[in-house]
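So this one's model.pdb, PDB, C-alpha atoms:
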```
ATOM      1  CA  ILE A  18       0.000   0.000   0.000
ATOM      2  CA  PRO A  19       1.723   3.245  -1.069
ATOM      3  CA  TYR A  20       1.956   5.829   1.669
ATOM      4  CA  SER A  21       1.811   9.608   1.510
ATOM      5  CA  SER A  22      -0.201  12.357   3.158
ATOM      6  CA  GLU A  23      -3.082  11.214   0.916
ATOM      7  CA  SER A  24      -3.056   7.561   2.026
ATOM      8  CA  PRO A  25      -5.608   7.898   4.861
ATOM      9  CA  ARG A  26      -8.033   9.679   2.537
ATOM     10  CA  LEU A  27      -7.577   7.255  -0.367
ATOM     11  CA  THR A  28      -6.992   3.913   1.348
ATOM     12  CA  GLY A  29      -8.858   4.378   4.633
ATOM     13  CA  PRO A  30     -12.388   4.234   3.168
ATOM     14  CA  ILE A  31     -11.529   1.033   1.316
ATOM     15  CA  LEU A  32     -10.276  -0.626   4.483
ATOM     16  CA  PHE A  33     -13.252   0.489   6.563
ATOM     17  CA  ASP A  34     -15.694  -0.706   3.900
ATOM     18  CA  LEU A  35     -13.959  -4.096   3.863
ATOM     19  CA  ALA A  36     -14.036  -4.264   7.650
ATOM     20  CA  ARG A  37     -17.756  -3.514   7.663
ATOM     21  CA  ASP A  38     -18.226  -6.309   5.137
ATOM     22  CA  GLU A  39     -16.343  -8.685   7.444
ATOM     23  CA  MET A  40     -18.701  -7.734  10.291
ATOM     24  CA  GLY A  41     -21.799  -8.076   8.105
ATOM     25  CA  LEU A  42     -22.562  -4.354   8.350
ATOM     26  CA  ARG A  43     -24.093  -2.191   5.670
ATOM     27  CA  LYS A  44     -22.029   0.287   3.691
ATOM     28  CA  LEU A  45     -22.223   3.887   4.859
ATOM     29  CA  HIS A  46     -21.912   7.311   3.303
ATOM     30  CA  TYR A  47     -19.853   8.444   6.286
ATOM     31  CA  SER A  48     -17.333   6.799   8.578
ATOM     32  CA  SER A  49     -14.737   7.453  11.220
ATOM     33  CA  ILE A  50     -11.757   6.710   8.986
ATOM     34  CA  THR A  51     -10.446  10.254   8.747
ATOM     35  CA  LYS A  52      -9.802  10.331  12.488
ATOM     36  CA  PHE A  53      -8.468   6.797  12.769
ATOM     37  CA  PHE A  54      -5.566   7.336  10.363
ATOM     38  CA  THR A  55      -4.855  10.992  11.103
ATOM     39  CA  PHE A  56      -1.870  12.397  12.959
ATOM     40  CA  MET A  57      -3.142  13.992  16.173
ATOM     41  CA  PRO A  58      -0.611  16.428  17.675
ATOM     42  CA  ASP A  59      -1.022  16.857  21.392
ATOM     43  CA  ARG A  60       0.867  18.346  24.281
ATOM     44  CA  GLY A  61       3.729  15.960  24.956
ATOM     45  CA  SER A  62       3.578  14.532  21.451
ATOM     46  CA  VAL A  63       7.048  15.467  20.193
ATOM     47  CA  TYR A  64      10.471  15.717  21.778
ATOM     48  CA  ILE A  65      13.386  17.623  20.348
ATOM     49  CA  MET A  66      17.043  17.934  21.116
ATOM     50  CA  ASN A  67      19.491  20.421  19.663
ATOM     51  CA  SER A  68      22.710  18.899  20.894
ATOM     52  CA  THR A  69      25.304  20.992  22.715
ATOM     53  CA  ASP A  70      27.541  17.994  23.373
ATOM     54  CA  SER A  71      30.919  18.235  21.641
ATOM     55  CA  SER A  72      30.651  14.608  20.533
ATOM     56  CA  ALA A  73      27.323  15.143  18.774
ATOM     57  CA  SER A  74      25.847  17.556  16.290
ATOM     58  CA  GLY A  75      22.436  18.160  14.798
ATOM     59  CA  SER A  76      18.857  17.679  15.972
ATOM     60  CA  PHE A  77      16.941  14.662  17.178
ATOM     61  CA  LEU A  78      13.197  14.127  17.034
ATOM     62  CA  HIS A  79      11.307  11.259  18.670
ATOM     63  CA  MET A  80       7.729  10.862  17.428
ATOM     64  CA  PRO A  81       5.840   9.135  20.251
ATOM     65  CA  ILE A  82       2.820   6.947  19.564
ATOM     66  CA  TRP A  83       0.431   6.317  22.437
ATOM     67  CA  LYS A  84       0.525   2.744  23.756
ATOM     68  CA  CYS A  85       4.031   2.254  22.335
ATOM     69  CA  ALA A  86       5.967   2.636  25.596
ATOM     70  CA  ASN A  87       5.679   6.391  25.277
ATOM     71  CA  ASN A  88       6.093   7.040  29.015
ATOM     72  CA  ASP A  89       9.247   4.924  29.184
ATOM     73  CA  VAL A  90      10.799   6.696  26.216
ATOM     74  CA  ARG A  91       9.794  10.103  27.537
ATOM     75  CA  LYS A  92      11.242   9.484  30.980
ATOM     76  CA  ASN A  93      14.537   8.074  29.780
ATOM     77  CA  LEU A  94      15.065  10.735  27.130
ATOM     78  CA  ARG A  95      14.635  13.326  29.856
ATOM     79  CA  ILE A  96      17.244  11.521  31.954
ATOM     80  CA  SER A  97      19.841  11.104  29.222
ATOM     81  CA  LEU A  98      19.219  14.198  27.078
ATOM     82  CA  ASP A  99      18.300  17.825  27.368
ATOM     83  CA  VAL A 100      14.871  17.168  25.906
ATOM     84  CA  MET A 101      12.050  19.656  25.514
ATOM     85  CA  ASP A 102       8.369  19.190  24.842
ATOM     86  CA  VAL A 103       7.779  21.501  21.897
ATOM     87  CA  SER A 104       4.010  21.217  21.679
ATOM     88  CA  LEU A 105       3.104  22.565  25.112
ATOM     89  CA  ASP A 106       0.889  25.259  23.648
ATOM     90  CA  CYS A 107      -0.794  23.028  21.065
ATOM     91  CA  ARG A 108      -4.167  21.594  21.866
ATOM     92  CA  ARG A 109      -5.077  18.182  20.502
ATOM     93  CA  GLY A 110      -5.395  18.109  16.732
ATOM     94  CA  LYS A 111      -3.871  21.552  16.087
ATOM     95  CA  PHE A 112      -1.612  20.506  13.247
ATOM     96  CA  GLU A 113      -0.526  24.018  12.240
ATOM     97  CA  CYS A 114       0.525  24.786  15.809
ATOM     98  CA  TRP A 115       2.649  21.635  15.890
ATOM     99  CA  VAL A 116       4.308  22.497  12.568
ATOM    100  CA  ASP A 117       5.128  26.023  13.750
ATOM    101  CA  ALA A 118       6.531  24.751  17.048
ATOM    102  CA  ILE A 119       8.818  22.205  15.404
ATOM    103  CA  GLY A 120       9.898  24.439  12.543
ATOM    104  CA  GLY A 121      10.751  27.247  14.910
ATOM    105  CA  MET A 122      13.203  25.145  16.897
ATOM    106  CA  MET A 123      14.992  22.901  14.424
ATOM    107  CA  ASN A 124      15.747  22.127  10.801
ATOM    108  CA  VAL A 125      13.476  19.130  10.351
ATOM    109  CA  THR A 126      14.893  18.289   6.927
ATOM    110  CA  ARG A 127      18.257  17.486   8.560
ATOM    111  CA  ALA A 128      17.038  15.987  11.829
ATOM    112  CA  CYS A 129      17.323  12.355  12.878
ATOM    113  CA  ILE A 130      13.692  11.290  13.329
ATOM    114  CA  VAL A 131      12.709   8.006  15.004
ATOM    115  CA  ALA A 132       9.738   6.222  16.564
ATOM    116  CA  VAL A 133       8.803   3.056  18.445
ATOM    117  CA  VAL A 134       5.986   0.859  17.120
ATOM    118  CA  ARG A 135       4.561  -2.557  17.969
ATOM    119  CA  ASP A 136       2.223  -5.160  16.538
ATOM    120  CA  PRO A 137      -0.824  -3.101  15.479
ATOM    121  CA  ILE A 138      -3.384  -5.595  16.790
ATOM    122  CA  THR A 139      -1.934  -5.673  20.306
ATOM    123  CA  HIS A 140      -1.598  -1.891  20.053
ATOM    124  CA  PHE A 141      -5.358  -1.633  19.446
ATOM    125  CA  LEU A 142      -6.232  -4.089  22.233
ATOM    126  CA  SER A 143      -4.013  -2.234  24.686
ATOM    127  CA  GLY A 144      -5.464   1.116  23.628
ATOM    128  CA  TYR A 145      -9.001  -0.191  24.052
ATOM    129  CA  ASN A 146      -8.195  -1.361  27.571
ATOM    130  CA  GLU A 147      -6.783   2.028  28.567
ATOM    131  CA  TYR A 148      -9.717   3.845  27.010
ATOM    132  CA  GLU A 149     -12.173   1.774  29.051
ATOM    133  CA  ILE A 150     -10.204   2.368  32.246
ATOM    134  CA  ARG A 151     -10.125   6.111  31.605
ATOM    135  CA  LEU A 152     -13.802   6.193  30.667
ATOM    136  CA  ASN A 153     -14.969   4.263  33.715
ATOM    137  CA  THR A 154     -12.613   5.379  36.482
ATOM    138  CA  ASP A 155     -12.310   9.136  35.884
ATOM    139  CA  ASP A 156     -15.419  11.320  35.798
ATOM    140  CA  THR A 157     -13.519  14.132  34.088
ATOM    141  CA  VAL A 158     -12.566  12.054  31.057
ATOM    142  CA  ASN A 159     -14.619  11.796  27.878
ATOM    143  CA  LEU A 160     -17.649  13.701  29.122
ATOM    144  CA  THR A 161     -18.400  14.588  25.505
ATOM    145  CA  LEU A 162     -18.649  10.902  24.659
ATOM    146  CA  LYS A 163     -20.860  10.134  27.638
ATOM    147  CA  LYS A 164     -23.288  12.876  26.639
ATOM    148  CA  ARG A 165     -23.249  12.046  22.932
ATOM    149  CA  SER A 166     -26.574  11.369  21.245
ATOM    150  CA  ALA A 167     -27.792  10.617  17.712
ATOM    151  CA  PRO A 168     -26.710  10.044  15.061
ATOM    152  CA  ASN A 169     -25.118   6.730  15.894
ATOM    153  CA  PRO A 170     -23.977   7.067  19.500
ATOM    154  CA  LEU A 171     -21.521   4.553  20.867
ATOM    155  CA  ASN A 172     -23.522   1.525  21.980
ATOM    156  CA  PHE A 173     -20.863  -0.689  23.578
ATOM    157  CA  GLU A 174     -21.546   0.700  27.063
ATOM    158  CA  ARG A 175     -24.867  -1.169  27.115
ATOM    159  CA  PHE A 176     -22.891  -4.321  27.923
ATOM    160  CA  VAL A 177     -21.345  -5.129  31.294
ATOM    161  CA  PHE A 178     -17.651  -4.814  32.066
ATOM    162  CA  GLY A 179     -15.578  -7.793  30.931
ATOM    163  CA  ASP A 180     -18.250  -9.029  28.509
ATOM    164  CA  GLU A 181     -16.853 -10.095  25.151
ATOM    165  CA  LYS A 182     -19.966  -8.672  23.495
ATOM    166  CA  ARG A 183     -18.946  -5.256  24.820
ATOM    167  CA  PHE A 184     -15.680  -5.347  22.859
ATOM    168  CA  GLU A 185     -17.380  -6.712  19.739
ATOM    169  CA  GLN A 186     -19.921  -3.882  19.894
ATOM    170  CA  PHE A 187     -17.069  -1.417  20.392
ATOM    171  CA  ILE A 188     -15.588  -2.499  17.058
ATOM    172  CA  VAL A 189     -19.005  -2.093  15.410
ATOM    173  CA  ASP A 190     -19.256   1.404  16.897
ATOM    174  CA  ILE A 191     -15.837   2.334  15.540
ATOM    175  CA  LEU A 192     -16.782   1.121  12.062
ATOM    176  CA  THR A 193     -20.231   2.706  11.901
ATOM    177  CA  SER A 194     -19.967   5.969  13.818
ATOM    178  CA  PRO A 195     -19.334   9.409  12.334
ATOM    179  CA  GLY A 196     -15.797  10.698  12.432
ATOM    180  CA  ASP A 197     -16.397  13.086  15.304
ATOM    181  CA  VAL A 198     -17.058  10.153  17.648
ATOM    182  CA  LEU A 199     -13.419   9.130  17.382
ATOM    183  CA  GLU A 200     -11.804  11.655  19.686
ATOM    184  CA  ASP A 201     -10.338  12.171  23.137
ATOM    185  CA  ASN A 202      -8.778   9.014  24.579
ATOM    186  CA  LEU A 203      -9.950   6.890  21.667
ATOM    187  CA  SER A 204      -6.818   8.196  19.979
ATOM    188  CA  HIS A 205      -4.887   5.644  22.038
ATOM    189  CA  MET A 206      -6.148   3.183  19.408
ATOM    190  CA  TYR A 207      -5.530   5.263  16.306
ATOM    191  CA  SER A 208      -3.428   3.759  13.535
ATOM    192  CA  MET A 209       0.296   4.087  14.174
ATOM    193  CA  THR A 210       0.657   5.421  10.627
ATOM    194  CA  GLY A 211      -0.641   8.811  11.758
ATOM    195  CA  ILE A 212       2.834  10.097  12.528
ATOM    196  CA  LEU A 213       3.895   9.262   8.965
ATOM    197  CA  SER A 214       1.161  11.379   7.422
ATOM    198  CA  GLY A 215       1.975  14.206   9.827
ATOM    199  CA  LEU A 216       5.657  14.267   8.941
ATOM    200  CA  TYR A 217       5.023  13.946   5.233
ATOM    201  CA  LYS A 218       2.334  16.597   5.139
ATOM    202  CA  ALA A 219       4.442  19.100   7.064
ATOM    203  CA  TYR A 220       7.961  18.473   5.785
ATOM    204  CA  LYS A 221       7.884  15.770   3.091
ATOM    205  CA  ARG A 222       9.898  13.732   5.584
ATOM    206  CA  ASN A 223       9.729  10.134   6.720
ATOM    207  CA  LEU A 224      11.237   8.417   9.731
ATOM    208  CA  ASP A 225      14.934   7.678   9.566
ATOM    209  CA  ALA A 226      14.160   4.436  11.351
ATOM    210  CA  TYR A 227      11.748   2.856  13.802
ATOM    211  CA  LEU A 228      12.007   0.221  16.492
ATOM    212  CA  PRO A 229       9.469  -2.530  15.666
ATOM    213  CA  SER A 230       8.828  -3.808  19.182
ATOM    214  CA  ILE A 231       8.424  -2.563  22.749
ATOM    215  CA  ASP A 232       9.982  -5.722  24.209
ATOM    216  CA  ASP A 233      13.221  -5.339  26.204
ATOM    217  CA  LEU A 234      13.084  -1.624  25.497
ATOM    218  CA  GLU A 235      15.591  -0.741  28.205
ATOM    219  CA  ASN A 236      18.275  -2.356  26.023
ATOM    220  CA  THR A 237      16.896  -2.190  22.493
ATOM    221  CA  TYR A 238      16.055   1.514  22.413
ATOM    222  CA  PRO A 239      19.506   2.816  23.438
ATOM    223  CA  SER A 240      21.140   0.416  20.953
ATOM    224  CA  PHE A 241      18.666   1.526  18.300
ATOM    225  CA  LEU A 242      19.603   5.177  18.884
ATOM    226  CA  LYS A 243      23.303   4.399  18.662
ATOM    227  CA  GLU A 244      22.777   2.685  15.322
ATOM    228  CA  THR A 245      20.373   5.277  13.915
ATOM    229  CA  CYS A 246      21.600   8.652  15.218
ATOM    230  CA  PRO A 247      25.281   8.102  16.187
ATOM    231  CA  HIS A 248      26.483  11.572  15.173
ATOM    232  CA  VAL A 249      23.513  13.470  16.587
ATOM    233  CA  LEU A 250      23.201  12.195  20.141
ATOM    234  CA  PRO A 251      25.717  12.174  23.017
ATOM    235  CA  GLU A 252      27.050   8.914  24.435
ATOM    236  CA  SER A 253      24.666   9.175  27.392
ATOM    237  CA  ALA A 254      21.789   8.337  25.055
ATOM    238  CA  PHE A 255      23.230   4.909  24.294
ATOM    239  CA  GLU A 256      23.415   3.615  27.859
ATOM    240  CA  PRO A 257      20.864   0.920  28.904
ATOM    241  CA  TRP A 258      17.960   2.059  31.037
ATOM    242  CA  ASP A 259      17.245   0.915  34.562
ATOM    243  CA  LYS A 260      14.820  -1.974  34.082
ATOM    244  CA  GLU A 261      13.294  -1.391  37.501
ATOM    245  CA  GLU A 262      12.159   2.042  36.355
ATOM    246  CA  ARG A 263       9.902   0.757  33.555
ATOM    247  CA  HIS A 264       6.495   2.430  33.579
ATOM    248  CA  HIS A 265       3.440   0.317  34.380
ATOM    249  CA  HIS A 266       0.069   1.835  33.529
ATOM    250  CA  VAL A 267      -2.817   1.195  35.900
ATOM    251  CA  SER A 268      -4.738  -0.459  33.052
ATOM    252  CA  GLU A 269      -2.202  -3.320  32.944
ATOM    253  CA  ALA A 270      -3.788  -4.855  36.052
ATOM    254  CA  ASP A 271      -6.997  -5.409  34.016
ATOM    255  CA  ALA A 272      -9.032  -5.289  37.212
ATOM    256  CA  LEU A 273     -12.291  -4.828  35.269
ATOM    257  CA  GLY A 274     -11.596  -7.532  32.672
ATOM    258  CA  PHE A 275     -11.578  -5.315  29.583
ATOM    259  CA  ARG A 276      -8.282  -6.570  28.151
ATOM    260  CA  SER A 277      -8.977 -10.246  28.822
ATOM    261  CA  ALA A 278     -12.347  -9.966  27.062
ATOM    262  CA  ALA A 279     -10.733  -8.230  24.080
ATOM    263  CA  ASN A 280      -7.992 -10.854  23.967
ATOM    264  CA  SER A 281     -10.586 -13.631  23.949
ATOM    265  CA  VAL A 282     -12.491 -12.052  21.062
ATOM    266  CA  TRP A 283      -9.278 -11.655  19.086
ATOM    267  CA  ALA A 284      -8.122 -15.218  19.807
ATOM    268  CA  ARG A 285     -11.427 -16.624  18.584
ATOM    269  CA  GLY A 286     -10.600 -15.514  15.040
ATOM    270  CA  GLY A 287     -14.135 -14.555  14.060
ATOM    271  CA  ARG A 288     -15.638 -11.595  12.240
ATOM    272  CA  ALA A 289     -14.339  -9.031  14.717
ATOM    273  CA  SER A 290     -10.809 -10.392  14.401
ATOM    274  CA  ARG A 291     -10.940 -10.229  10.620
ATOM    275  CA  ALA A 292     -12.216  -6.646  10.784
ATOM    276  CA  LEU A 293      -9.311  -5.671  13.051
ATOM    277  CA  CYS A 294      -6.853  -7.166  10.579
ATOM    278  CA  VAL A 295      -8.395  -5.178   7.737
ATOM    279  CA  ILE A 296      -8.291  -1.745   9.372
ATOM    280  CA  HIS A 297      -4.670  -2.328  10.410
ATOM    281  CA  ALA A 298      -3.426  -3.354   6.975
ATOM    282  CA  MET A 299      -1.711   0.007   6.471
ATOM    283  CA  ASP A 300       0.162  -0.386   9.750
ATOM    284  CA  TYR A 301       1.621  -3.719   8.676
ATOM    285  CA  ALA A 302       2.390  -2.346   5.205
ATOM    286  CA  CYS A 303       4.117   0.827   6.382
ATOM    287  CA  TYR A 304       5.991  -0.768   9.290
ATOM    288  CA  ASP A 305       7.196  -3.826   7.425
ATOM    289  CA  LYS A 306       9.700  -4.804  10.122
ATOM    290  CA  VAL A 307       6.750  -5.785  12.295
ATOM    291  CA  PRO A 308       5.879  -9.438  11.552
ATOM    292  CA  VAL A 309       2.379  -9.788  10.127
ATOM    293  CA  ASP A 310       0.136 -11.796  12.413
ATOM    294  CA  ASP A 311      -0.511 -15.267  10.975
ATOM    295  CA  PHE A 312      -4.283 -14.882  11.203
ATOM    296  CA  CYS A 313      -4.113 -11.517   9.414
ATOM    297  CA  LYS A 314      -2.020 -13.069   6.639
ATOM    298  CA  GLY A 315      -4.997 -15.229   5.738
ATOM    299  CA  VAL A 316      -7.265 -12.177   5.668
ATOM    300  CA  TYR A 317      -4.880 -10.274   3.422
ATOM    301  CA  MET A 318      -4.641 -13.227   1.030
ATOM    302  CA  SER A 319      -8.410 -13.427   0.613
ATOM    303  CA  GLU A 320      -9.892 -12.606  -2.782
ATOM    304  CA  ALA A 321     -12.104  -9.836  -1.392
ATOM    305  CA  PHE A 322      -9.144  -8.037   0.172
ATOM    306  CA  THR A 323      -6.739  -8.344  -2.730
ATOM    307  CA  GLN A 324      -9.342  -7.202  -5.253
ATOM    308  CA  ALA A 325     -10.343  -4.197  -3.133
ATOM    309  CA  ILE A 326      -6.840  -2.780  -2.759
ATOM    310  CA  SER A 327      -5.523  -3.652  -6.204
TER     311      SER A 327
END
```
Turn this file's structure into structure tokens for me.
Amino acid sequence: IPYSSESPRLTGPILFDLARDEMGLRKLHYSSITKFFTFMPDRGSVYIMNSTDSSASGSFLHMPIWKCANNDVRKNLRISLDVMDVSLDCRRGKFECWVDAIGGMMNVTRACIVAVVRDPITHFLSGYNEYEIRLNTDDTVNLTLKKRSAPNPLNFERFVFGDEKRFEQFIVDILTSPGDVLEDNLSHMYSMTGILSGLYKAYKRNLDAYLPSIDDLENTYPSFLKETCPHVLPESAFEPWDKEERHHHVSEADALGFRSAANSVWARGGRASRALCVIHAMDYACYDKVPVDDFCKGVYMSEAFTQAIS
């Protein structure tokens, strides 16, 4: 699947239509695809370093993706580098503000730009779990979603916590709701390709490299930086992190059973699983160092899928 700033607009509707077919849903004249694949700048979304170390020169940019060990990367970059958050004054979705903030502090065309990604299916499942925790344990979060009415409100909350039907209905809601429903903490589940469209749209740039897994990050990320940006970063950036300092989000405990229910639905390999594979096809295509899930391989080899994207 070719990628550019136009890919979400051109490919996204195809993927969402296919996913609706997999779920047995009718085709729609609207959908939430524009949000799902879009880069969403937010405060804390970008970190920049203009090196003053004599052993390094140039600028470094890490493009965080929520639910890709962002807190671990953020914390350890702050420890090892003089790192600034350059989007402090940018509210969520303010693309022009993000572009101005970055462009005013560095030459992006010459910067070393990196990111951390993971398997897109587990990324979605993890994001769903955190969204549910935030929605149901913090009264200040997602009030706009709780008050939302027609057309097509989110219906998954009709089901009890930990019910597999709740997660299945959540996927239906994502596929059949207008684009403005996908907002706030739902962006934890957005496609990881969003950062690619943001960089390309603003600067015609792509990542210099990305780390394809969040496993053993305390060792792999420093080594990755040494290999990718050796002349930009100081030696302190290449030292392993303290494993005991790894961040653990409250949602990992899965006290309300959201993640286990989502995992069970995915493992069953039914319609919902096939739909998840379809809407994450661009993630696997763009981040080709991430092994494609075996179940998704079968979906991508199906006649309906290959004909639709050809």
Practice task
Could you check which of A:His79, A:His248, A:Lys84, A:Arg183 is closest to Leu171 of chain A, using all atoms listed in the file?
Solution key: A:Arg183
Handout entry: Top pick for closest residue to Gly179 of chain A, considering A:Thr154, A:Thr237, A:Thr139, A:Ser281 and counting only C-alpha atoms
Key = A:Ser281
Handout entry: Gap from atom CA of Val134 of chain A to atom CA of Cys85 of chain A - Å, one decimal
Key = 5.7 Å
Problem - Expansion of the PyMOL selection byres ((chain A and resi 276-278) around 6) into residues, as a PyMOL selection string - result: chain A and resi 146+179+181+274-275+279-281
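For the pair atom CA of Thr210 of chain A and atom CA of Met299 of chain A, the separation is 7.2 Å.
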Work out where the centre of an axis-aligned box around every listed atom of segment 239-255 of chain A lies and how long its edges are once 8 Å is added on each side; give both in Å to one decimal as JSON.
```
{"center_x": 22.9, "center_y": 6.9, "center_z": 20.7, "size_x": 24.4, "size_y": 29.1, "size_z": 29.5}
```
Practice task
Choose the residue, out of A:Ala321, A:Thr28, A:Leu293, A:Ser204, that has the smallest atom-to-atom separation from Leu192 of chain A; count all atoms listed in the file.
Solution key: A:Leu293
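Atom CA of Val133 of chain A lies 13.7 Å from atom CA of Asn93 of chain A.
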Practice task
For Ser97 of chain A, please output as a PyMOL selection string all residues within 12 Å (counting only C-alpha atoms; exclusion window: fewer than 4 positions along the same chain).
Solution key: chain A and resi 66+68+70+90-93+239+242+250-259
Practice task
Could you tell me which of A:Gly286, A:Gly211, A:Pro229, A:Gly29 comes closest to Gly315 of chain A if we count all atoms listed in the file?
Solution key: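 For Gly315 of chain A, the nearest of the given residues is A:Gly286.
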Practice task
I would like the residues chosen by the PyMOL selection byres ((chain A and resi 226) around 8) on the shown file; could you give them as number ranges by chain?
Solution key: A: 130-132, 224-225, 227-228, 245
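Taken over the shown file, the PyMOL selection byres ((chain A and resi 298) around 9) identifies A:Ile18, A:Leu32, A:Pro137, A:Leu293, A:Cys294, A:Val295, A:Ile296, A:His297, A:Met299, A:Asp300, A:Tyr301, A:Ala302, A:Cys303, A:Cys313, A:Tyr317.
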Problem - Given all atoms listed in the file as the counted atoms, nearest of A:Glu113, A:Glu147, A:Asp310, A:Asp89 to Ser268 of chain A - result: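 Answer, going by the shortest atom-to-atom distance: A:Glu147.
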Problem - Which of A:Asn87, A:Leu203, A:Ser214, A:Phe312 sits closest to Ala292 of chain A [using all atoms listed in the file] - result: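 Looking at the shortest contact to Ala292 of chain A, the residue is A:Phe312.
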Problem - Selection: 8 Å around Ala289 of chain A, only C-alpha atoms, excl. self and same-chain fewer than 2 positions, as an MDAnalysis selection string - result: chainID A and resid 39:40 185 188 282:283 286:287 291:293
Reconstruct N, CA, C and O atoms of segment 118-132 of chain A from the incomplete input and present them as a PDB file, in the frame of the given file.
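Below is the file that was written, result.pdb:
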```pdb
ATOM      1  N   ALA A 118       5.678  24.996  15.887  1.00  0.00           N
ATOM      2  CA  ALA A 118       6.531  24.751  17.048  1.00  0.00           C
ATOM      3  C   ALA A 118       7.799  24.007  16.658  1.00  0.00           C
ATOM      4  O   ALA A 118       8.902  24.359  17.077  1.00  0.00           O
ATOM      5  N   ILE A 119       7.652  22.979  15.837  1.00  0.00           N
ATOM      6  CA  ILE A 119       8.818  22.205  15.404  1.00  0.00           C
ATOM      7  C   ILE A 119       9.712  23.043  14.505  1.00  0.00           C
ATOM      8  O   ILE A 119      10.927  23.145  14.710  1.00  0.00           O
ATOM      9  N   GLY A 120       9.117  23.667  13.500  1.00  0.00           N
ATOM     10  CA  GLY A 120       9.898  24.439  12.543  1.00  0.00           C
ATOM     11  C   GLY A 120      10.626  25.608  13.158  1.00  0.00           C
ATOM     12  O   GLY A 120      11.669  26.039  12.654  1.00  0.00           O
ATOM     13  N   GLY A 121      10.100  26.125  14.265  1.00  0.00           N
ATOM     14  CA  GLY A 121      10.751  27.247  14.910  1.00  0.00           C
ATOM     15  C   GLY A 121      11.935  26.870  15.772  1.00  0.00           C
ATOM     16  O   GLY A 121      12.669  27.745  16.240  1.00  0.00           O
ATOM     17  N   MET A 122      12.142  25.578  15.987  1.00  0.00           N
ATOM     18  CA  MET A 122      13.203  25.145  16.897  1.00  0.00           C
ATOM     19  C   MET A 122      14.254  24.264  16.249  1.00  0.00           C
ATOM     20  O   MET A 122      15.283  23.980  16.855  1.00  0.00           O
ATOM     21  N   MET A 123      14.013  23.791  15.036  1.00  0.00           N
ATOM     22  CA  MET A 123      14.992  22.901  14.424  1.00  0.00           C
ATOM     23  C   MET A 123      14.803  22.863  12.917  1.00  0.00           C
ATOM     24  O   MET A 123      13.772  23.258  12.400  1.00  0.00           O
ATOM     25  N   ASN A 124      15.824  22.375  12.236  1.00  0.00           N
ATOM     26  CA  ASN A 124      15.747  22.127  10.801  1.00  0.00           C
ATOM     27  C   ASN A 124      15.311  20.679  10.614  1.00  0.00           C
ATOM     28  O   ASN A 124      16.130  19.758  10.666  1.00  0.00           O
ATOM     29  N   VAL A 125      14.027  20.482  10.402  1.00  0.00           N
ATOM     30  CA  VAL A 125      13.476  19.130  10.351  1.00  0.00           C
ATOM     31  C   VAL A 125      14.053  18.339   9.182  1.00  0.00           C
ATOM     32  O   VAL A 125      14.213  17.120   9.270  1.00  0.00           O
ATOM     33  N   THR A 126      14.387  19.005   8.096  1.00  0.00           N
ATOM     34  CA  THR A 126      14.893  18.289   6.927  1.00  0.00           C
ATOM     35  C   THR A 126      16.217  17.606   7.213  1.00  0.00           C
ATOM     36  O   THR A 126      16.587  16.654   6.530  1.00  0.00           O
ATOM     37  N   ARG A 127      16.949  18.065   8.238  1.00  0.00           N
ATOM     38  CA  ARG A 127      18.257  17.486   8.560  1.00  0.00           C
ATOM     39  C   ARG A 127      18.248  16.714   9.870  1.00  0.00           C
ATOM     40  O   ARG A 127      19.291  16.200  10.284  1.00  0.00           O
ATOM     41  N   ALA A 128      17.111  16.639  10.525  1.00  0.00           N
ATOM     42  CA  ALA A 128      17.038  15.987  11.829  1.00  0.00           C
ATOM     43  C   ALA A 128      17.030  14.470  11.703  1.00  0.00           C
ATOM     44  O   ALA A 128      16.645  13.913  10.677  1.00  0.00           O
ATOM     45  N   CYS A 129      17.459  13.811  12.769  1.00  0.00           N
ATOM     46  CA  CYS A 129      17.323  12.355  12.878  1.00  0.00           C
ATOM     47  C   CYS A 129      15.986  12.094  13.568  1.00  0.00           C
ATOM     48  O   CYS A 129      15.784  12.469  14.723  1.00  0.00           O
ATOM     49  N   ILE A 130      15.059  11.467  12.841  1.00  0.00           N
ATOM     50  CA  ILE A 130      13.692  11.290  13.329  1.00  0.00           C
ATOM     51  C   ILE A 130      13.390   9.800  13.502  1.00  0.00           C
ATOM     52  O   ILE A 130      13.553   9.016  12.564  1.00  0.00           O
ATOM     53  N   VAL A 131      12.944   9.419  14.695  1.00  0.00           N
ATOM     54  CA  VAL A 131      12.709   8.006  15.004  1.00  0.00           C
ATOM     55  C   VAL A 131      11.374   7.827  15.714  1.00  0.00           C
ATOM     56  O   VAL A 131      10.736   8.795  16.141  1.00  0.00           O
ATOM     57  N   ALA A 132      10.962   6.560  15.840  1.00  0.00           N
ATOM     58  CA  ALA A 132       9.738   6.222  16.564  1.00  0.00           C
ATOM     59  C   ALA A 132       9.840   4.781  17.058  1.00  0.00           C
ATOM     60  O   ALA A 132      10.697   4.014  16.609  1.00  0.00           O
TER      61      ALA A 132
END
```
